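Report on one structure; see the data block that follows.
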Amino acid sequence: MPASRIHRYIAREIATPALLGLSVFTLMILMGRIIRLVEMVLNKGVPAKEIFLLFAFLLPAFLVITIPLSFLLGVLLGFGRLSSESETIALKASGISLYGMLKPVFLLAALASLLTGTLTLYGEPAGNAAFRSKVFEIAASKATVGIAPKVFNDDFDGLVLYTNEFDEQSGVMKGVFISDQRTDEEGSTIFAERGRIFSDPGNYTLTLRLEDGNIHRRPKSSQGNSYQTIGFSTYDISLSMGKEMEAGQTVKKKDKDFSFSELSTAIREAKNEEELLRYRVQWHKRLVLPLAPLLFALIGIPLGIQSHRSGKGGGFAIGLIVFLVYYILFSFTKTLATEGIFPVIPTMWAPTILFFAGGLHLLHLAAMERRFILLDLLLEGMDRFRRLIQRRR
């Protein structure tokens with residue numbers, strides 16, 4: 001049999017469970033957001049196509065996690081099946097060593113790493129920024145859609161708005177009445193001839209601009225029957241979108257929303273050591289995470305060969321354990337680097353170096369057909385636990 005055909009066969013054995021796992025894991029993560037987004041459709045009247053766009057914007061951030069995990073699962077299940085049916089023995093008997101089986105695995109790993117790197121460097125920050133902009137756009141459109149003439153509107157925190165006339169095309173309100181209970185205990189009552197809502201996508205703020213009116217309030221610090229009336233030609237009110245915002249306050253862009261070029265600029269222009277550490281950690285994170293599929297290829301091949309006696313359930317459990325150990329260790333070192341406890345570069349790259357060295361060692365042991373004592377103990381413990389559960393049932 002030609003080597004190219006064998007390589008395609010091995011690649012197919014890995015790709016099939018990997019693609020299935022990618023679909024299942026991504027859907028499971030999306031389920032955590034589905035309830036909130038469906039609520040927007042049912043209670044807020046948001047069009048379904050807008051919700052699908054929000055899902056699309058969230059997808060890159062989820063795929064950065066699910067692609068390495070599903071690839072690891074594919075390698076474990078693929079080589080577990082080949083080993084359980086003695087196909088690896090047959091391949092070795094025909095003159096193909098374990099190292100000769102690595103080519104299709106590392107080609108798929110390089111493809112998964114390239115896709116993960118593209119998402120980490122470009123897709124995830126662009127998706128996060130687009131998600132926030134779309135949510136703001138929906139909220140801004142909802143602000144005007146919810147306004148109807150001669151109907152009290154309480155969609156905004158601490159405000160009740162009423163208008164005699166409303167032009168849907170221009171967005172201009174006439175005969176505006178507002179009850180403002182946001183700051184003063186007694187609140188304020190505002191009357192205005194005209195009003196209009198403006199949105200600022202750059203700062204994620206909504207502003208209600210009133211013209212030709214007056215404000216009536218009773219100061220909380222006053223004694224007796226003191227009463228204030230303030231006239232204005234123009235008066236701006238910042239409308240809350242989930243939490244109270246002061247006039248002119250901006251929403252600071254998060255580190256994960258920066259593009260790679262913006263992040264590099266932020267590192268050069270950092271104002272203090274805390275900012276510099278945070279930006280450098282984010283920068284190295286985007287370089288380290290794409291290497292995860294390559295690491296999982298090194299580790300998954302020997303583990304898949306030895307874990308076949310536990311069946312597919314054993315391979316799945318081992319995959320989750322390896323994945324959790326890697327990301328817990330990565331999160332821990334990320335915290336250490338962010339807090340400035342250890343230098344950023346060696347700390348952020350420590351899990352990658354550790355898993356790379358461990359993967360090479362396991363691969364060498366598998367090529368020499370030597371057993372892994374720790375894995376044998378783990379599999380034996382899993383078998384005992386499974387039998388105990390079956391007995392109790």
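Residue names in the structure tokens use chain letters A, B, ... in the order shown, residue numbers from 1 in each chain, and ligand numbers from 1 in the order shown.
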
For A:Tyr99, list every protein, DNA or RNA residue within 10 Å, evaluated using only C-alpha atoms, and leave out those in the same chain fewer than 6 positions away; present the list as a PyMOL selection string.
-> chain A and resi 363-364+366-367

Give me the residues of stretch 277-355 of chain A that have any atom at most 12 Å from an atom of stretch 2-22 of chain A; for each, the nearest atom pair and the distance in Å, rounded to one decimal. Use only C-alpha atoms, sort by chain and number, and format it as CSV.
residue,atom,partner,partner_atom,distance
A:Pro293,CA,A:Ala18,CA,11.5
A:Ala297,CA,A:Ile14,CA,10.6
A:Gly300,CA,A:Ile14,CA,10.8
A:Ile301,CA,A:Ile14,CA,10.4
A:Gly304,CA,A:Ile14,CA,11.0
A:Lys312,CA,A:Pro17,CA,10.7
A:Gly315,CA,A:Pro17,CA,11.6
A:Phe316,CA,A:Gly21,CA,10.1
A:Gly319,CA,A:Gly21,CA,11.4
A:Leu320,CA,A:Gly21,CA,11.8

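Taking only stretch 61-169 of chain A, the residues that DSSP calls strand (DSSP E or B) from the backbone come to A:Asn153, A:Leu159, A:Val160, A:Leu161, A:Tyr162, A:Thr163, A:Asn164, A:Glu165, A:Phe166.
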
Save out the residues we just selected, all heavy atoms, as an mmCIF file, in the first residue's frame.
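Result saved to out-v4.cif:
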data_model
loop_
_atom_site.group_PDB
_atom_site.id
_atom_site.type_symbol
_atom_site.label_atom_id
_atom_site.label_comp_id
_atom_site.auth_asym_id
_atom_site.auth_seq_id
_atom_site.Cartn_x
_atom_site.Cartn_y
_atom_site.Cartn_z
ATOM 1 N N ASN A 153 -42.758 55.747 28.861
ATOM 2 C CA ASN A 153 -41.690 54.798 28.557
ATOM 3 C C ASN A 153 -40.714 54.751 29.731
ATOM 4 O O ASN A 153 -40.173 55.777 30.125
ATOM 5 C CB ASN A 153 -40.955 55.237 27.276
ATOM 6 C CG ASN A 153 -39.870 54.266 26.856
ATOM 7 O OD1 ASN A 153 -38.904 54.070 27.566
ATOM 8 N ND2 ASN A 153 -40.029 53.666 25.686
ATOM 9 N N LEU A 159 -35.438 56.721 34.663
ATOM 10 C CA LEU A 159 -36.140 57.738 33.887
ATOM 11 C C LEU A 159 -37.493 57.222 33.408
ATOM 12 O O LEU A 159 -37.622 56.053 33.040
ATOM 13 C CB LEU A 159 -35.324 58.163 32.661
ATOM 14 C CG LEU A 159 -34.034 58.957 32.867
ATOM 15 C CD1 LEU A 159 -33.367 59.190 31.528
ATOM 16 C CD2 LEU A 159 -34.338 60.285 33.540
ATOM 17 N N VAL A 160 -38.466 58.116 33.426
ATOM 18 C CA VAL A 160 -39.756 57.860 32.770
ATOM 19 C C VAL A 160 -39.961 58.968 31.752
ATOM 20 O O VAL A 160 -39.895 60.152 32.090
ATOM 21 C CB VAL A 160 -40.916 57.830 33.789
ATOM 22 C CG1 VAL A 160 -42.243 57.647 33.063
ATOM 23 C CG2 VAL A 160 -40.714 56.718 34.804
ATOM 24 N N LEU A 161 -40.164 58.599 30.499
ATOM 25 C CA LEU A 161 -40.241 59.564 29.402
ATOM 26 C C LEU A 161 -41.630 59.533 28.773
ATOM 27 O O LEU A 161 -42.202 58.455 28.549
ATOM 28 C CB LEU A 161 -39.174 59.241 28.355
ATOM 29 C CG LEU A 161 -38.991 60.220 27.192
ATOM 30 C CD1 LEU A 161 -37.534 60.240 26.749
ATOM 31 C CD2 LEU A 161 -39.867 59.823 25.995
ATOM 32 N N TYR A 162 -42.141 60.737 28.483
ATOM 33 C CA TYR A 162 -43.450 60.883 27.831
ATOM 34 C C TYR A 162 -43.337 61.987 26.780
ATOM 35 O O TYR A 162 -42.684 63.014 27.001
ATOM 36 C CB TYR A 162 -44.520 61.242 28.867
ATOM 37 C CG TYR A 162 -45.893 61.488 28.289
ATOM 38 C CD1 TYR A 162 -46.812 60.458 28.171
ATOM 39 C CD2 TYR A 162 -46.264 62.770 27.873
ATOM 40 C CE1 TYR A 162 -48.080 60.681 27.647
ATOM 41 C CE2 TYR A 162 -47.521 62.997 27.336
ATOM 42 C CZ TYR A 162 -48.420 61.956 27.223
ATOM 43 O OH TYR A 162 -49.667 62.189 26.694
ATOM 44 N N THR A 163 -43.930 61.751 25.621
ATOM 45 C CA THR A 163 -43.926 62.767 24.571
ATOM 46 C C THR A 163 -45.289 62.829 23.901
ATOM 47 O O THR A 163 -45.948 61.790 23.704
ATOM 48 C CB THR A 163 -42.827 62.464 23.527
ATOM 49 O OG1 THR A 163 -42.871 63.451 22.507
ATOM 50 C CG2 THR A 163 -43.016 61.092 22.901
ATOM 51 N N ASN A 164 -45.701 64.043 23.559
ATOM 52 C CA ASN A 164 -46.993 64.202 22.875
ATOM 53 C C ASN A 164 -46.918 63.769 21.418
ATOM 54 O O ASN A 164 -47.870 63.184 20.889
ATOM 55 C CB ASN A 164 -47.456 65.663 22.962
ATOM 56 C CG ASN A 164 -47.955 66.024 24.338
ATOM 57 O OD1 ASN A 164 -48.573 65.203 25.019
ATOM 58 N ND2 ASN A 164 -47.670 67.245 24.775
ATOM 59 N N GLU A 165 -45.778 64.073 20.754
ATOM 60 C CA GLU A 165 -45.613 63.728 19.342
ATOM 61 C C GLU A 165 -44.236 63.116 19.123
ATOM 62 O O GLU A 165 -43.272 63.498 19.773
ATOM 63 C CB GLU A 165 -45.765 64.976 18.459
ATOM 64 C CG GLU A 165 -47.110 65.663 18.567
ATOM 65 C CD GLU A 165 -47.191 66.904 17.689
ATOM 66 O OE1 GLU A 165 -46.382 67.009 16.745
ATOM 67 O OE2 GLU A 165 -48.036 67.773 17.964
ATOM 68 N N PHE A 166 -44.191 62.186 18.177
ATOM 69 C CA PHE A 166 -42.909 61.549 17.856
ATOM 70 C C PHE A 166 -42.847 61.249 16.362
ATOM 71 O O PHE A 166 -43.707 60.536 15.823
ATOM 72 C CB PHE A 166 -42.733 60.252 18.660
ATOM 73 C CG PHE A 166 -41.454 59.520 18.342
ATOM 74 C CD1 PHE A 166 -40.226 60.095 18.617
ATOM 75 C CD2 PHE A 166 -41.479 58.261 17.756
ATOM 76 C CE1 PHE A 166 -39.051 59.434 18.326
ATOM 77 C CE2 PHE A 166 -40.318 57.594 17.454
ATOM 78 C CZ PHE A 166 -39.093 58.181 17.742
#

If you run DSSP on this backbone, which residues of stretch 32-242 of chain A come out as alpha helix (DSSP H), and could you give them as a PyMOL selection string?
-> chain A and resi 32-44+48-84+87-93+102-118+124-145

Residue with smallest distance to A:Phe62 - pool A:Phe131, A:Trp283, A:Phe198, A:Phe25, counting only C-alpha atoms = A:Phe25

Write out as number ranges by chain each polymer residue whose atoms come within 9 Å of stretch 186-197 of chain A, counting only C-alpha atoms; drop sequence neighbours fewer than 4 positions from it.
-> A: 140, 143-144, 163, 170-182, 206-220, 232

Let me see the file: selected residues, N, CA, C and O atoms, as a CSV table (one decimal), in the first residue's frame.
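Now in part.csv:
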chain,number,residue,atom,x,y,z
A,140,ALA,N,-29.5,50.9,21.0
A,140,ALA,CA,-29.8,52.2,20.5
A,140,ALA,C,-31.0,52.2,19.7
A,140,ALA,O,-31.9,53.1,19.8
A,143,ALA,N,-34.0,51.9,21.9
A,143,ALA,CA,-34.3,53.1,22.6
A,143,ALA,C,-35.3,53.9,21.9
A,143,ALA,O,-36.3,54.5,22.5
A,144,THR,N,-35.2,54.0,20.5
A,144,THR,CA,-36.1,54.8,19.8
A,144,THR,C,-37.4,54.0,19.4
A,144,THR,O,-38.5,54.6,19.3
A,163,THR,N,-43.9,61.8,25.6
A,163,THR,CA,-43.9,62.8,24.6
A,163,THR,C,-45.3,62.8,23.9
A,163,THR,O,-45.9,61.8,23.7
A,170,SER,N,-37.4,61.2,11.6
A,170,SER,CA,-36.4,62.1,12.1
A,170,SER,C,-36.0,61.8,13.6
A,170,SER,O,-34.9,62.2,14.0
A,171,GLY,N,-36.8,61.1,14.3
A,171,GLY,CA,-36.5,60.8,15.7
A,171,GLY,C,-36.8,62.0,16.6
A,171,GLY,O,-36.4,62.0,17.8
A,172,VAL,N,-37.5,63.1,16.2
A,172,VAL,CA,-37.7,64.2,17.0
A,172,VAL,C,-39.0,64.1,17.8
A,172,VAL,O,-40.0,63.6,17.2
A,173,MET,N,-38.9,64.4,19.1
A,173,MET,CA,-40.1,64.4,20.0
A,173,MET,C,-40.5,65.8,20.3
A,173,MET,O,-39.6,66.7,20.4
A,174,LYS,N,-41.8,66.0,20.4
A,174,LYS,CA,-42.3,67.3,20.8
A,174,LYS,C,-43.2,67.1,22.0
A,174,LYS,O,-44.0,66.2,22.1
A,175,GLY,N,-43.1,68.2,22.9
A,175,GLY,CA,-43.9,68.1,24.1
A,175,GLY,C,-43.4,67.0,25.0
A,175,GLY,O,-44.1,66.1,25.3
A,176,VAL,N,-42.1,67.2,25.5
A,176,VAL,CA,-41.5,66.1,26.2
A,176,VAL,C,-41.7,66.3,27.7
A,176,VAL,O,-41.5,67.5,28.2
A,177,PHE,N,-42.0,65.2,28.4
A,177,PHE,CA,-42.1,65.3,29.9
A,177,PHE,C,-41.2,64.1,30.4
A,177,PHE,O,-41.3,63.0,29.9
A,178,ILE,N,-40.3,64.4,31.4
A,178,ILE,CA,-39.4,63.4,32.0
A,178,ILE,C,-39.4,63.5,33.5
A,178,ILE,O,-39.3,64.5,34.1
A,179,SER,N,-39.6,62.3,34.1
A,179,SER,CA,-39.4,62.1,35.5
A,179,SER,C,-38.0,61.5,35.8
A,179,SER,O,-37.8,60.3,35.4
A,180,ASP,N,-37.1,62.2,36.4
A,180,ASP,CA,-35.7,61.8,36.5
A,180,ASP,C,-35.5,61.4,38.0
A,180,ASP,O,-35.5,62.3,38.9
A,181,GLN,N,-35.3,60.2,38.3
A,181,GLN,CA,-35.1,59.7,39.7
A,181,GLN,C,-33.7,59.1,39.9
A,181,GLN,O,-33.5,58.3,40.7
A,182,ARG,N,-32.7,59.5,39.0
A,182,ARG,CA,-31.4,58.9,39.1
A,182,ARG,C,-30.5,59.4,40.2
A,182,ARG,O,-29.7,58.6,40.8
A,206,LEU,N,-25.6,56.7,24.9
A,206,LEU,CA,-26.8,57.3,24.3
A,206,LEU,C,-27.1,58.6,25.0
A,206,LEU,O,-27.0,58.7,26.3
A,207,THR,N,-27.4,59.6,24.3
A,207,THR,CA,-27.7,60.9,24.9
A,207,THR,C,-29.0,61.4,24.4
A,207,THR,O,-29.4,61.4,23.2
A,208,LEU,N,-29.9,61.9,25.4
A,208,LEU,CA,-31.1,62.5,25.0
A,208,LEU,C,-30.9,64.0,25.1
A,208,LEU,O,-30.6,64.6,26.2
A,209,ARG,N,-31.0,64.7,24.0
A,209,ARG,CA,-30.8,66.2,23.9
A,209,ARG,C,-32.2,66.9,23.9
A,209,ARG,O,-33.0,66.7,23.0
A,210,LEU,N,-32.4,67.7,24.9
A,210,LEU,CA,-33.7,68.4,25.1
A,210,LEU,C,-33.4,69.9,24.7
A,210,LEU,O,-32.4,70.4,25.0
A,211,GLU,N,-34.4,70.5,24.2
A,211,GLU,CA,-34.3,71.9,23.8
A,211,GLU,C,-35.5,72.7,24.3
A,211,GLU,O,-36.7,72.2,24.3
A,212,ASP,N,-35.2,74.0,24.8
A,212,ASP,CA,-36.3,74.9,25.2
A,212,ASP,C,-37.2,74.3,26.3
A,212,ASP,O,-38.3,74.0,26.0
A,213,GLY,N,-36.6,74.2,27.5
A,213,GLY,CA,-37.5,73.7,28.6
A,213,GLY,C,-37.0,74.2,29.9
A,213,GLY,O,-36.2,75.1,30.0
A,214,ASN,N,-37.5,73.5,30.9
A,214,ASN,CA,-37.1,73.9,32.3
A,214,ASN,C,-37.1,72.6,33.2
A,214,ASN,O,-37.8,71.6,32.9
A,215,ILE,N,-36.4,72.7,34.3
A,215,ILE,CA,-36.2,71.6,35.2
A,215,ILE,C,-36.8,72.1,36.6
A,215,ILE,O,-36.5,73.2,37.1
A,216,HIS,N,-37.6,71.2,37.2
A,216,HIS,CA,-38.3,71.5,38.5
A,216,HIS,C,-37.7,70.5,39.5
A,216,HIS,O,-37.8,69.3,39.2
A,217,ARG,N,-37.2,70.9,40.6
A,217,ARG,CA,-36.7,70.0,41.6
A,217,ARG,C,-36.8,70.6,43.0
A,217,ARG,O,-36.8,71.9,43.1
A,218,ARG,N,-36.9,69.8,44.0
A,218,ARG,CA,-36.8,70.2,45.4
A,218,ARG,C,-35.5,69.6,45.9
A,218,ARG,O,-35.4,68.4,46.1
A,219,PRO,N,-34.5,70.5,46.2
A,219,PRO,CA,-33.2,70.0,46.6
A,219,PRO,C,-33.3,69.2,47.9
A,219,PRO,O,-34.0,69.6,48.8
A,220,LYS,N,-32.6,68.1,48.0
A,220,LYS,CA,-32.7,67.3,49.2
A,220,LYS,C,-32.0,68.0,50.4
A,220,LYS,O,-32.3,67.6,51.6
A,232,PHE,N,-33.6,76.2,30.4
A,232,PHE,CA,-32.4,75.8,29.6
A,232,PHE,C,-32.9,75.9,28.1
A,232,PHE,O,-34.1,75.8,27.8

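With only C-alpha atoms as the atoms that count, the minimum distance from A:Gly78 to the choices A:Leu362, A:Val105, A:Leu263, A:Met348 is reached by A:Val105.
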
Counting only C-alpha atoms, what is within 12 Å of A:Thr333, bar same-chain residues fewer than 2 positions away, as an MDAnalysis selection string?
-> chainID A and resid 281 284:285 326:331 335:352

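Here the question is which of A:Ser84, A:Glu275, A:Ala270, A:Leu72 gets nearest to A:Ala317 using only C-alpha atoms, and that residue is A:Leu72.
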
Between atom CA of A:Leu277 and atom CA of A:Leu63, what is the spacing in Å?
->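 About the pair atom CA of A:Leu63 and atom CA of A:Leu277: they are 26.0 Å apart.
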
Kindly give the distance, in Å, that separates atom CA of A:Lys271 and atom CA of A:Ala61, rounded to a single decimal.
->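 Separation between atom CA of A:Lys271 and atom CA of A:Ala61: 28.0 Å.
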